[in-house]
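Reproduced below: data.cif, with mmCIF, C-alpha atoms.
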data_query
#
loop_
_atom_site.group_PDB
_atom_site.id
_atom_site.type_symbol
_atom_site.label_atom_id
_atom_site.label_comp_id
_atom_site.auth_asym_id
_atom_site.auth_seq_id
_atom_site.Cartn_x
_atom_site.Cartn_y
_atom_site.Cartn_z
ATOM 1 C CA MET A 1 4.265 -20.062 -46.456
ATOM 2 C CA PRO A 2 2.262 -20.417 -43.237
ATOM 3 C CA THR A 3 -1.482 -20.247 -43.707
ATOM 4 C CA SER A 4 -3.561 -17.584 -41.994
ATOM 5 C CA TYR A 5 -5.420 -18.588 -38.824
ATOM 6 C CA ASN A 6 -8.584 -16.547 -38.487
ATOM 7 C CA PRO A 7 -10.088 -15.344 -35.171
ATOM 8 C CA GLU A 8 -12.884 -17.940 -35.305
ATOM 9 C CA ASP A 9 -10.314 -20.738 -35.398
ATOM 10 C CA VAL A 10 -8.494 -19.197 -32.442
ATOM 11 C CA GLN A 11 -11.715 -19.030 -30.450
ATOM 12 C CA LYS A 12 -12.516 -22.687 -31.139
ATOM 13 C CA VAL A 13 -9.108 -23.815 -29.890
ATOM 14 C CA LEU A 14 -9.297 -21.679 -26.763
ATOM 15 C CA ASP A 15 -12.879 -22.759 -26.036
ATOM 16 C CA GLN A 16 -11.790 -26.385 -26.077
ATOM 17 C CA HIS A 17 -9.096 -25.693 -23.496
ATOM 18 C CA ILE A 18 -11.373 -23.519 -21.355
ATOM 19 C CA GLN A 19 -13.896 -26.355 -21.239
ATOM 20 C CA ALA A 20 -11.055 -28.660 -20.174
ATOM 21 C CA GLY A 21 -10.285 -26.234 -17.340
ATOM 22 C CA ASN A 22 -7.054 -24.593 -18.528
ATOM 23 C CA LEU A 23 -7.015 -21.483 -20.690
ATOM 24 C CA HIS A 24 -3.199 -21.323 -20.601
ATOM 25 C CA THR A 25 -2.740 -24.577 -22.497
ATOM 26 C CA GLY A 26 -4.889 -23.108 -25.259
ATOM 27 C CA TRP A 27 -2.356 -20.360 -25.923
ATOM 28 C CA GLU A 28 0.448 -22.921 -26.063
ATOM 29 C CA ALA A 29 -1.577 -25.023 -28.531
ATOM 30 C CA LEU A 30 -1.948 -21.988 -30.798
ATOM 31 C CA TRP A 31 1.664 -20.816 -30.681
ATOM 32 C CA ALA A 32 2.894 -24.372 -31.250
ATOM 33 C CA LYS A 33 1.314 -24.437 -34.721
ATOM 34 C CA ASP A 34 4.307 -23.256 -36.756
ATOM 35 C CA ASP A 35 2.456 -23.787 -40.048
ATOM 36 C CA ILE A 36 -0.044 -20.987 -39.400
ATOM 37 C CA THR A 37 0.025 -17.231 -38.878
ATOM 38 C CA LEU A 38 -1.931 -16.109 -35.845
ATOM 39 C CA PRO A 39 -4.161 -13.072 -36.455
ATOM 40 C CA TRP A 40 -2.478 -10.883 -33.828
ATOM 41 C CA ASP A 41 1.114 -11.831 -34.739
ATOM 42 C CA LYS A 42 2.307 -8.911 -36.854
ATOM 43 C CA HIS A 43 6.074 -9.661 -36.613
ATOM 44 C CA ASP A 44 6.770 -5.967 -35.915
ATOM 45 C CA PRO A 45 6.198 -3.693 -32.912
ATOM 46 C CA ASN A 46 3.107 -1.553 -32.994
ATOM 47 C CA PRO A 47 4.123 1.947 -34.165
ATOM 48 C CA THR A 48 2.103 3.353 -31.279
ATOM 49 C CA LEU A 49 4.663 2.050 -28.773
ATOM 50 C CA GLU A 50 7.430 3.899 -30.603
ATOM 51 C CA GLU A 51 5.243 7.008 -30.545
ATOM 52 C CA VAL A 52 4.904 6.707 -26.767
ATOM 53 C CA LEU A 53 8.637 6.244 -26.271
ATOM 54 C CA THR A 54 9.648 9.143 -28.514
ATOM 55 C CA THR A 55 6.939 11.783 -28.031
ATOM 56 C CA LYS A 56 5.679 11.244 -24.467
ATOM 57 C CA ARG A 57 8.903 11.448 -22.492
ATOM 58 C CA ALA A 58 7.539 14.438 -20.612
ATOM 59 C CA ILE A 59 5.093 11.952 -19.060
ATOM 60 C CA ILE A 60 7.006 8.661 -18.862
ATOM 61 C CA GLY A 61 10.557 10.013 -18.634
ATOM 62 C CA GLY A 62 13.520 8.343 -20.284
ATOM 63 C CA PRO A 63 14.879 4.800 -19.921
ATOM 64 C CA LEU A 64 17.280 5.770 -17.120
ATOM 65 C CA LEU A 65 16.301 6.518 -13.536
ATOM 66 C CA ASP A 66 18.459 8.767 -11.366
ATOM 67 C CA LEU A 67 19.079 7.227 -7.959
ATOM 68 C CA ASP A 68 18.232 9.182 -4.828
ATOM 69 C CA ALA A 69 20.801 11.024 -2.740
ATOM 70 C CA ASP A 70 21.089 8.144 -0.279
ATOM 71 C CA ALA A 71 22.712 6.055 -3.012
ATOM 72 C CA GLY A 72 25.628 8.468 -3.169
ATOM 73 C CA ALA A 73 26.403 11.482 -5.290
ATOM 74 C CA ASP A 74 28.433 9.457 -7.779
ATOM 75 C CA ALA A 75 25.953 6.615 -8.153
ATOM 76 C CA PRO A 76 25.130 6.097 -11.837
ATOM 77 C CA PRO A 77 21.503 6.065 -12.962
ATOM 78 C CA ARG A 78 19.953 2.629 -13.348
ATOM 79 C CA ARG A 79 18.011 1.369 -16.306
ATOM 80 C CA LYS A 80 14.274 1.287 -15.873
ATOM 81 C CA LYS A 81 12.669 -2.143 -15.902
ATOM 82 C CA ALA A 82 9.942 -2.654 -18.503
ATOM 83 C CA LEU A 83 7.490 -5.566 -18.557
ATOM 84 C CA VAL A 84 5.440 -6.819 -21.505
ATOM 85 C CA PRO A 85 2.935 -9.433 -20.282
ATOM 86 C CA GLY A 86 1.725 -11.845 -22.950
ATOM 87 C CA CYS A 87 4.620 -10.717 -25.132
ATOM 88 C CA GLY A 88 4.002 -13.214 -27.965
ATOM 89 C CA ARG A 89 6.883 -13.044 -30.449
ATOM 90 C CA GLY A 90 8.665 -10.479 -28.259
ATOM 91 C CA VAL A 91 8.878 -7.626 -30.749
ATOM 92 C CA ASP A 92 7.745 -4.993 -28.220
ATOM 93 C CA VAL A 93 10.258 -6.267 -25.672
ATOM 94 C CA LEU A 94 13.090 -5.829 -28.153
ATOM 95 C CA LEU A 95 11.902 -2.350 -29.108
ATOM 96 C CA LEU A 96 11.969 -1.328 -25.437
ATOM 97 C CA ALA A 97 15.483 -2.734 -25.076
ATOM 98 C CA SER A 98 16.607 -0.736 -28.134
ATOM 99 C CA PHE A 99 15.468 2.414 -26.318
ATOM 100 C CA GLY A 100 17.599 1.457 -23.308
ATOM 101 C CA TYR A 101 15.151 -0.248 -20.963
ATOM 102 C CA ASP A 102 15.956 -3.522 -19.225
ATOM 103 C CA ALA A 103 13.057 -5.328 -20.881
ATOM 104 C CA TYR A 104 11.216 -8.426 -19.664
ATOM 105 C CA GLY A 105 8.906 -10.493 -21.856
ATOM 106 C CA LEU A 106 6.439 -12.718 -19.993
ATOM 107 C CA GLU A 107 4.740 -15.647 -21.714
ATOM 108 C CA TYR A 108 3.057 -18.829 -20.572
ATOM 109 C CA SER A 109 3.658 -20.492 -23.926
ATOM 110 C CA GLU A 110 7.040 -22.182 -24.338
ATOM 111 C CA SER A 111 6.560 -22.133 -28.119
ATOM 112 C CA ALA A 112 6.061 -18.357 -28.062
ATOM 113 C CA LEU A 113 9.258 -17.962 -26.048
ATOM 114 C CA ASP A 114 11.130 -19.990 -28.669
ATOM 115 C CA LEU A 115 9.964 -17.432 -31.241
ATOM 116 C CA CYS A 116 11.129 -14.640 -28.924
ATOM 117 C CA LYS A 117 14.636 -16.072 -28.876
ATOM 118 C CA LYS A 118 14.668 -16.321 -32.670
ATOM 119 C CA GLU A 119 13.510 -12.707 -32.888
ATOM 120 C CA GLU A 120 16.315 -11.705 -30.523
ATOM 121 C CA GLU A 121 18.806 -13.287 -32.936
ATOM 122 C CA ILE A 122 17.398 -11.017 -35.644
ATOM 123 C CA ALA A 123 17.787 -8.074 -33.270
ATOM 124 C CA SER A 124 21.497 -8.790 -32.865
ATOM 125 C CA SER A 125 22.074 -7.513 -36.410
ATOM 126 C CA GLY A 126 21.024 -4.045 -35.257
ATOM 127 C CA GLN A 127 18.960 -3.334 -38.367
ATOM 128 C CA LYS A 128 15.431 -4.124 -37.211
ATOM 129 C CA TYR A 129 15.919 -2.746 -33.694
ATOM 130 C CA PRO A 130 18.714 -0.138 -33.906
ATOM 131 C CA VAL A 131 19.981 1.519 -30.738
ATOM 132 C CA ARG A 132 18.017 4.734 -30.321
ATOM 133 C CA ASP A 133 20.556 6.592 -28.194
ATOM 134 C CA ALA A 134 24.237 5.716 -28.381
ATOM 135 C CA ASP A 135 24.879 7.279 -24.964
ATOM 136 C CA VAL A 136 22.203 5.086 -23.368
ATOM 137 C CA GLY A 137 22.812 1.923 -25.394
ATOM 138 C CA TRP A 138 20.834 -1.301 -25.358
ATOM 139 C CA GLY A 139 19.112 -2.548 -22.250
ATOM 140 C CA SER A 140 19.093 -6.190 -21.249
ATOM 141 C CA VAL A 141 16.465 -8.658 -22.507
ATOM 142 C CA THR A 142 14.960 -11.354 -20.279
ATOM 143 C CA TRP A 143 12.410 -13.934 -21.403
ATOM 144 C CA ILE A 144 10.210 -15.402 -18.679
ATOM 145 C CA LYS A 145 7.894 -18.390 -18.703
ATOM 146 C CA GLY A 146 5.171 -17.777 -16.166
ATOM 147 C CA ASP A 147 1.587 -17.017 -15.291
ATOM 148 C CA PHE A 148 0.916 -13.283 -15.061
ATOM 149 C CA PHE A 149 -1.447 -13.855 -12.142
ATOM 150 C CA GLU A 150 1.074 -15.785 -10.049
ATOM 151 C CA ASN A 151 4.092 -14.441 -8.171
ATOM 152 C CA ASP A 152 6.659 -17.224 -8.577
ATOM 153 C CA TRP A 153 8.207 -15.765 -11.730
ATOM 154 C CA VAL A 154 8.663 -12.374 -10.030
ATOM 155 C CA GLU A 155 10.408 -13.999 -7.082
ATOM 156 C CA LYS A 156 12.765 -15.888 -9.406
ATOM 157 C CA LEU A 157 13.786 -12.651 -11.118
ATOM 158 C CA GLY A 158 14.921 -11.200 -7.802
ATOM 159 C CA ILE A 159 13.862 -7.677 -8.759
ATOM 160 C CA GLU A 160 14.030 -5.404 -5.734
ATOM 161 C CA GLY A 161 10.493 -4.795 -4.543
ATOM 162 C CA GLY A 162 9.119 -6.890 -7.416
ATOM 163 C CA LYS A 163 8.013 -3.720 -9.231
ATOM 164 C CA PHE A 164 8.359 -2.540 -12.825
ATOM 165 C CA ASP A 165 8.871 1.047 -13.958
ATOM 166 C CA PHE A 166 7.092 0.561 -17.281
ATOM 167 C CA ILE A 167 4.407 -1.977 -18.183
ATOM 168 C CA TYR A 168 3.016 -2.240 -21.707
ATOM 169 C CA ASP A 169 -0.377 -3.918 -22.146
ATOM 170 C CA TYR A 170 -1.503 -4.603 -25.713
ATOM 171 C CA THR A 171 -3.656 -7.489 -26.985
ATOM 172 C CA PHE A 172 -3.516 -8.735 -23.388
ATOM 173 C CA PHE A 173 -6.500 -7.137 -21.643
ATOM 174 C CA CYS A 174 -8.647 -8.120 -24.628
ATOM 175 C CA ALA A 175 -7.554 -11.761 -24.239
ATOM 176 C CA PHE A 176 -9.585 -12.129 -21.035
ATOM 177 C CA PRO A 177 -13.350 -12.351 -20.537
ATOM 178 C CA SER A 178 -14.911 -9.813 -18.183
ATOM 179 C CA THR A 179 -14.820 -12.287 -15.277
ATOM 180 C CA MET A 180 -10.994 -12.244 -15.323
ATOM 181 C CA ARG A 181 -10.555 -8.498 -15.663
ATOM 182 C CA PRO A 182 -10.707 -7.647 -11.933
ATOM 183 C CA ALA A 183 -7.704 -9.920 -11.369
ATOM 184 C CA TRP A 184 -5.957 -8.394 -14.415
ATOM 185 C CA ALA A 185 -6.302 -4.888 -12.964
ATOM 186 C CA LEU A 186 -5.260 -5.948 -9.462
ATOM 187 C CA ARG A 187 -2.143 -7.642 -10.785
ATOM 188 C CA HIS A 188 -1.095 -4.504 -12.659
ATOM 189 C CA SER A 189 -1.495 -2.428 -9.500
ATOM 190 C CA GLN A 190 0.725 -4.912 -7.652
ATOM 191 C CA LEU A 191 3.492 -4.981 -10.270
ATOM 192 C CA LEU A 192 3.685 -1.252 -11.032
ATOM 193 C CA ALA A 193 6.309 0.898 -9.308
ATOM 194 C CA PRO A 194 5.107 3.909 -7.274
ATOM 195 C CA SER A 195 4.136 7.153 -8.983
ATOM 196 C CA PRO A 196 5.559 9.036 -10.826
ATOM 197 C CA GLN A 197 8.268 6.478 -11.559
ATOM 198 C CA GLY A 198 5.891 3.681 -12.588
ATOM 199 C CA ASN A 199 3.800 3.994 -15.750
ATOM 200 C CA LEU A 200 1.352 1.473 -17.181
ATOM 201 C CA VAL A 201 0.787 2.061 -20.902
ATOM 202 C CA CYS A 202 -2.341 0.475 -22.366
ATOM 203 C CA LEU A 203 -2.929 0.389 -26.103
ATOM 204 C CA GLU A 204 -6.683 -0.038 -26.020
ATOM 205 C CA PHE A 205 -7.922 -2.564 -28.591
ATOM 206 C CA PRO A 206 -10.484 -3.504 -29.905
ATOM 207 C CA ARG A 207 -12.558 -0.535 -28.778
ATOM 208 C CA HIS A 208 -15.301 -0.772 -31.407
ATOM 209 C CA LYS A 209 -15.996 -4.503 -31.442
ATOM 210 C CA ASP A 210 -19.548 -5.513 -30.478
ATOM 211 C CA PRO A 211 -19.316 -6.519 -26.777
ATOM 212 C CA LEU A 212 -21.760 -9.363 -27.414
ATOM 213 C CA GLN A 213 -19.443 -10.976 -29.950
ATOM 214 C CA HIS A 214 -17.320 -13.851 -28.757
ATOM 215 C CA GLY A 215 -13.620 -13.395 -28.050
ATOM 216 C CA PRO A 216 -10.724 -13.251 -27.857
ATOM 217 C CA PRO A 217 -10.160 -10.579 -28.679
ATOM 218 C CA TYR A 218 -12.965 -9.470 -26.394
ATOM 219 C CA SER A 219 -14.372 -5.998 -26.835
ATOM 220 C CA ALA A 220 -12.200 -3.531 -24.891
ATOM 221 C CA PRO A 221 -13.684 -0.013 -24.896
ATOM 222 C CA SER A 222 -11.964 2.763 -22.976
ATOM 223 C CA GLU A 223 -14.724 2.673 -20.357
ATOM 224 C CA ALA A 224 -13.752 -0.879 -19.408
ATOM 225 C CA TYR A 225 -10.113 0.086 -18.814
ATOM 226 C CA MET A 226 -11.270 3.044 -16.718
ATOM 227 C CA GLU A 227 -13.623 1.041 -14.494
ATOM 228 C CA HIS A 228 -11.264 -1.868 -13.884
ATOM 229 C CA LEU A 229 -8.039 0.079 -13.357
ATOM 230 C CA SER A 230 -9.796 2.567 -11.071
ATOM 231 C CA HIS A 231 -11.082 -0.343 -8.952
ATOM 232 C CA PRO A 232 -8.537 -3.206 -9.160
ATOM 233 C CA GLY A 233 -9.833 -6.528 -7.901
ATOM 234 C CA GLU A 234 -13.388 -5.271 -7.511
ATOM 235 C CA GLU A 235 -16.388 -6.626 -9.377
ATOM 236 C CA ILE A 236 -17.402 -4.418 -12.276
ATOM 237 C CA LYS A 237 -20.922 -4.768 -13.606
ATOM 238 C CA TYR A 238 -21.677 -5.331 -17.279
ATOM 239 C CA ASP A 239 -25.060 -4.890 -18.940
ATOM 240 C CA ASP A 240 -26.538 -8.305 -19.782
ATOM 241 C CA LYS A 241 -28.340 -6.984 -22.870
ATOM 242 C CA THR A 242 -25.568 -4.901 -24.446
ATOM 243 C CA GLY A 243 -22.446 -6.451 -22.931
ATOM 244 C CA ARG A 244 -21.132 -2.990 -22.153
ATOM 245 C CA VAL A 245 -19.517 -2.051 -18.866
ATOM 246 C CA LYS A 246 -21.732 -0.090 -16.483
ATOM 247 C CA SER A 247 -19.806 3.074 -15.686
ATOM 248 C CA ASP A 248 -20.511 4.904 -12.449
ATOM 249 C CA PRO A 249 -18.973 8.410 -12.546
ATOM 250 C CA LEU A 250 -19.845 8.935 -8.871
ATOM 251 C CA ARG A 251 -18.006 5.828 -7.690
ATOM 252 C CA PRO A 252 -14.739 6.913 -6.035
ATOM 253 C CA THR A 253 -11.435 5.403 -7.073
ATOM 254 C CA SER A 254 -10.374 2.666 -4.661
ATOM 255 C CA GLU A 255 -7.254 2.833 -2.492
ATOM 256 C CA LEU A 256 -5.518 0.389 -4.849
ATOM 257 C CA GLY A 257 -6.817 2.176 -7.934
ATOM 258 C CA LEU A 258 -4.686 3.600 -10.714
ATOM 259 C CA GLU A 259 -5.085 7.111 -12.089
ATOM 260 C CA ARG A 260 -5.219 7.842 -15.797
ATOM 261 C CA VAL A 261 -2.682 10.604 -16.470
ATOM 262 C CA ALA A 262 -2.821 10.659 -20.290
ATOM 263 C CA TYR A 263 -5.213 9.553 -23.033
ATOM 264 C CA TRP A 264 -5.047 10.152 -26.781
ATOM 265 C CA GLN A 265 -5.585 8.847 -30.320
ATOM 266 C CA PRO A 266 -2.253 7.637 -31.710
ATOM 267 C CA ALA A 267 -1.046 8.656 -35.143
ATOM 268 C CA LYS A 268 -0.586 5.036 -36.314
ATOM 269 C CA THR A 269 -1.398 1.531 -35.171
ATOM 270 C CA HIS A 270 -1.565 -1.971 -36.641
ATOM 271 C CA ASP A 271 -4.098 -2.416 -39.438
ATOM 272 C CA PHE A 272 -6.658 -4.252 -37.302
ATOM 273 C CA GLY A 273 -6.860 -1.178 -35.062
ATOM 274 C CA THR A 274 -8.094 1.036 -37.896
ATOM 275 C CA SER A 275 -11.396 1.428 -39.721
ATOM 276 C CA GLN A 276 -11.901 0.581 -43.387
ATOM 277 C CA GLU A 277 -11.454 4.283 -44.097
ATOM 278 C CA GLY A 278 -8.067 4.285 -42.351
ATOM 279 C CA GLU A 279 -9.168 6.029 -39.156
ATOM 280 C CA VAL A 280 -7.224 4.950 -36.066
ATOM 281 C CA LEU A 281 -9.720 3.393 -33.664
ATOM 282 C CA ASP A 282 -7.229 2.450 -30.938
ATOM 283 C CA ARG A 283 -6.465 4.761 -28.046
ATOM 284 C CA VAL A 284 -3.540 5.024 -25.651
ATOM 285 C CA SER A 285 -3.914 5.491 -21.911
ATOM 286 C CA ILE A 286 -1.167 5.916 -19.305
ATOM 287 C CA TRP A 287 -1.810 5.008 -15.673
ATOM 288 C CA ARG A 288 -0.041 5.537 -12.366
ATOM 289 C CA ARG A 289 -0.549 4.418 -8.830
ATOM 290 C CA ILE A 290 -2.278 7.035 -6.703
#

Represent the structure contained in this file as structure tokens.
Amino acid sequence: MPTSYNPEDVQKVLDQHIQAGNLHTGWEALWAKDDITLPWDKHDPNPTLEEVLTTKRAIIGGPLLDLDADAGADAPPRRKKALVPGCGRGVDVLLLASFGYDAYGLEYSESALDLCKKEEEIASSGQKYPVRDADVGWGSVTWIKGDFFENDWVEKLGIEGGKFDFIYDYTFFCAFPSTMRPAWALRHSQLLAPSPQGNLVCLEFPRHKDPLQHGPPYSAPSEAYMEHLSHPGEEIKYDDKTGRVKSDPLRPTSELGLERVAYWQPAKTHDFGTSQEGEVLDRVSIWRRI
């Protein structure tokens, strides 16, 4: 049985690679350790994502997108394209495909992508990821090795416009220190399809961690998502004493900013997103381009 790898161990490994000038190699070093269980690797999709896909269709729509009239009256609908950046083992990618999305899992770590392919073999049995709608069927699954902040992987995919209809961000925002968050938000605004077709779903975690504690995962309160996604690429100030983001309710949303169209407490989440009393601490937010 693999031994558990606690968050402090993860931080030590990543710190070593950050000091060497390459955070990305740190993630590869962690995923390459097949004799340990990483703290965020739950081997199953977060139940919150299934909640979004089943109960929030009035907001996000279904997995198929009707083409406009210019495409012809008989043109069939196309499958929406869903992206999971930092997909890890790929469980969320496979869940999206089971709902009918053409799902793309992006990872820098080659070792993580190897695990994704093994998970896809499990999915082929149909038991862990059953087709949710027989009329819609399974979407395609594509694994991508690349850097979220670069564009080469998008160009290689050849996706028209380089945009995604659905982006799912979970344990990804919290992987970056505050200095990298402006670039994180800007990249999402660049990859997301126009409104109302494009929806960015953020499962906000960990919201209640002390911002002064070391990460990853770095503290990720709802206020931080709001400030960064409303002002992609712009510097957001954090309080030096508390580590909390400085919110400015009078600051207008930028031209590139995303708009939060939904926000709620999910019914269930992974165990590390709940309190000792069982209260769900995570939140879900859905964003669109303005």

- request: List, as a VMD selection string, every residue that the PyMOL selection byres ((chain A and resi 179-193) around 8) selects in the file provided.
  value: chain A and resid 148 to 149 162 to 167 173 176 to 178 194 to 195 197 to 200 228 to 229 231 to 236 256 to 258 288 to 289

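Distance-wise, atom CA of A:Pro39 and atom CA of A:Trp287 end up 27.6 Å apart.
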
message: What would the selection look like, as a list in words, if the PyMOL selection byres ((chain A and resi 142) around 9) were run on the coordinates I just shared?
response: Val93, Asp102, Ala103, Tyr104, Gly105, Leu106, Ser140, Val141, Trp143 and Ile144 of chain A

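Distance-wise, atom CA of A:Glu28 and atom CA of A:Gly139 end up 27.9 Å apart.
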
Resolved residues for the PyMOL selection byres ((chain A and resi 60) around 9) as a compact mmCIF listing (two decimals) with C-alpha atoms, keeping the file's coordinate frame:
# COMPACT_ATOMS: atom_id res chain seq x y z
CA VAL A 52 4.90 6.71 -26.77
CA LEU A 53 8.64 6.24 -26.27
CA LYS A 56 5.68 11.24 -24.47
CA ARG A 57 8.90 11.45 -22.49
CA ALA A 58 7.54 14.44 -20.61
CA ILE A 59 5.09 11.95 -19.06
CA GLY A 61 10.56 10.01 -18.63
CA GLY A 62 13.52 8.34 -20.28
CA PRO A 63 14.88 4.80 -19.92
CA PHE A 166 7.09 0.56 -17.28
CA PRO A 196 5.56 9.04 -10.83
CA GLN A 197 8.27 6.48 -11.56
CA GLY A 198 5.89 3.68 -12.59
CA ASN A 199 3.80 3.99 -15.75
CA ILE A 286 -1.17 5.92 -19.30

Edge lengths and centre in Å, axis-aligned, stretch 47-55 of chain A plus 5 Å each side, as lines of an AutoDock Vina configuration file:
center_x = 5.9
center_y = 6.9
center_z = -30.2
size_x = 17.5
size_y = 19.8
size_z = 17.9

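Around the coordinate (-0.8, 1.3, -21.7), residues that reach within 7 Å when counting only C-alpha atoms are Tyr168, Asp169, Leu200, Val201, Cys202, Leu203, Val284, Ser285 and Ile286 of chain A.
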
I need the residues from that last selection saved to file as a tab-separated table (two decimals), in the coordinates of the input (with C-alpha atoms), if you can.
chain	number	residue	atom	x	y	z
A	168	TYR	CA	3.02	-2.24	-21.71
A	169	ASP	CA	-0.38	-3.92	-22.15
A	200	LEU	CA	1.35	1.47	-17.18
A	201	VAL	CA	0.79	2.06	-20.90
A	202	CYS	CA	-2.34	0.48	-22.37
A	203	LEU	CA	-2.93	0.39	-26.10
A	284	VAL	CA	-3.54	5.02	-25.65
A	285	SER	CA	-3.91	5.49	-21.91
A	286	ILE	CA	-1.17	5.92	-19.30

Nearest-residue call for A:Trp40, choices A:Tyr170, A:Tyr238, A:Tyr129, A:Tyr263, using all atoms listed in the file: A:Tyr170
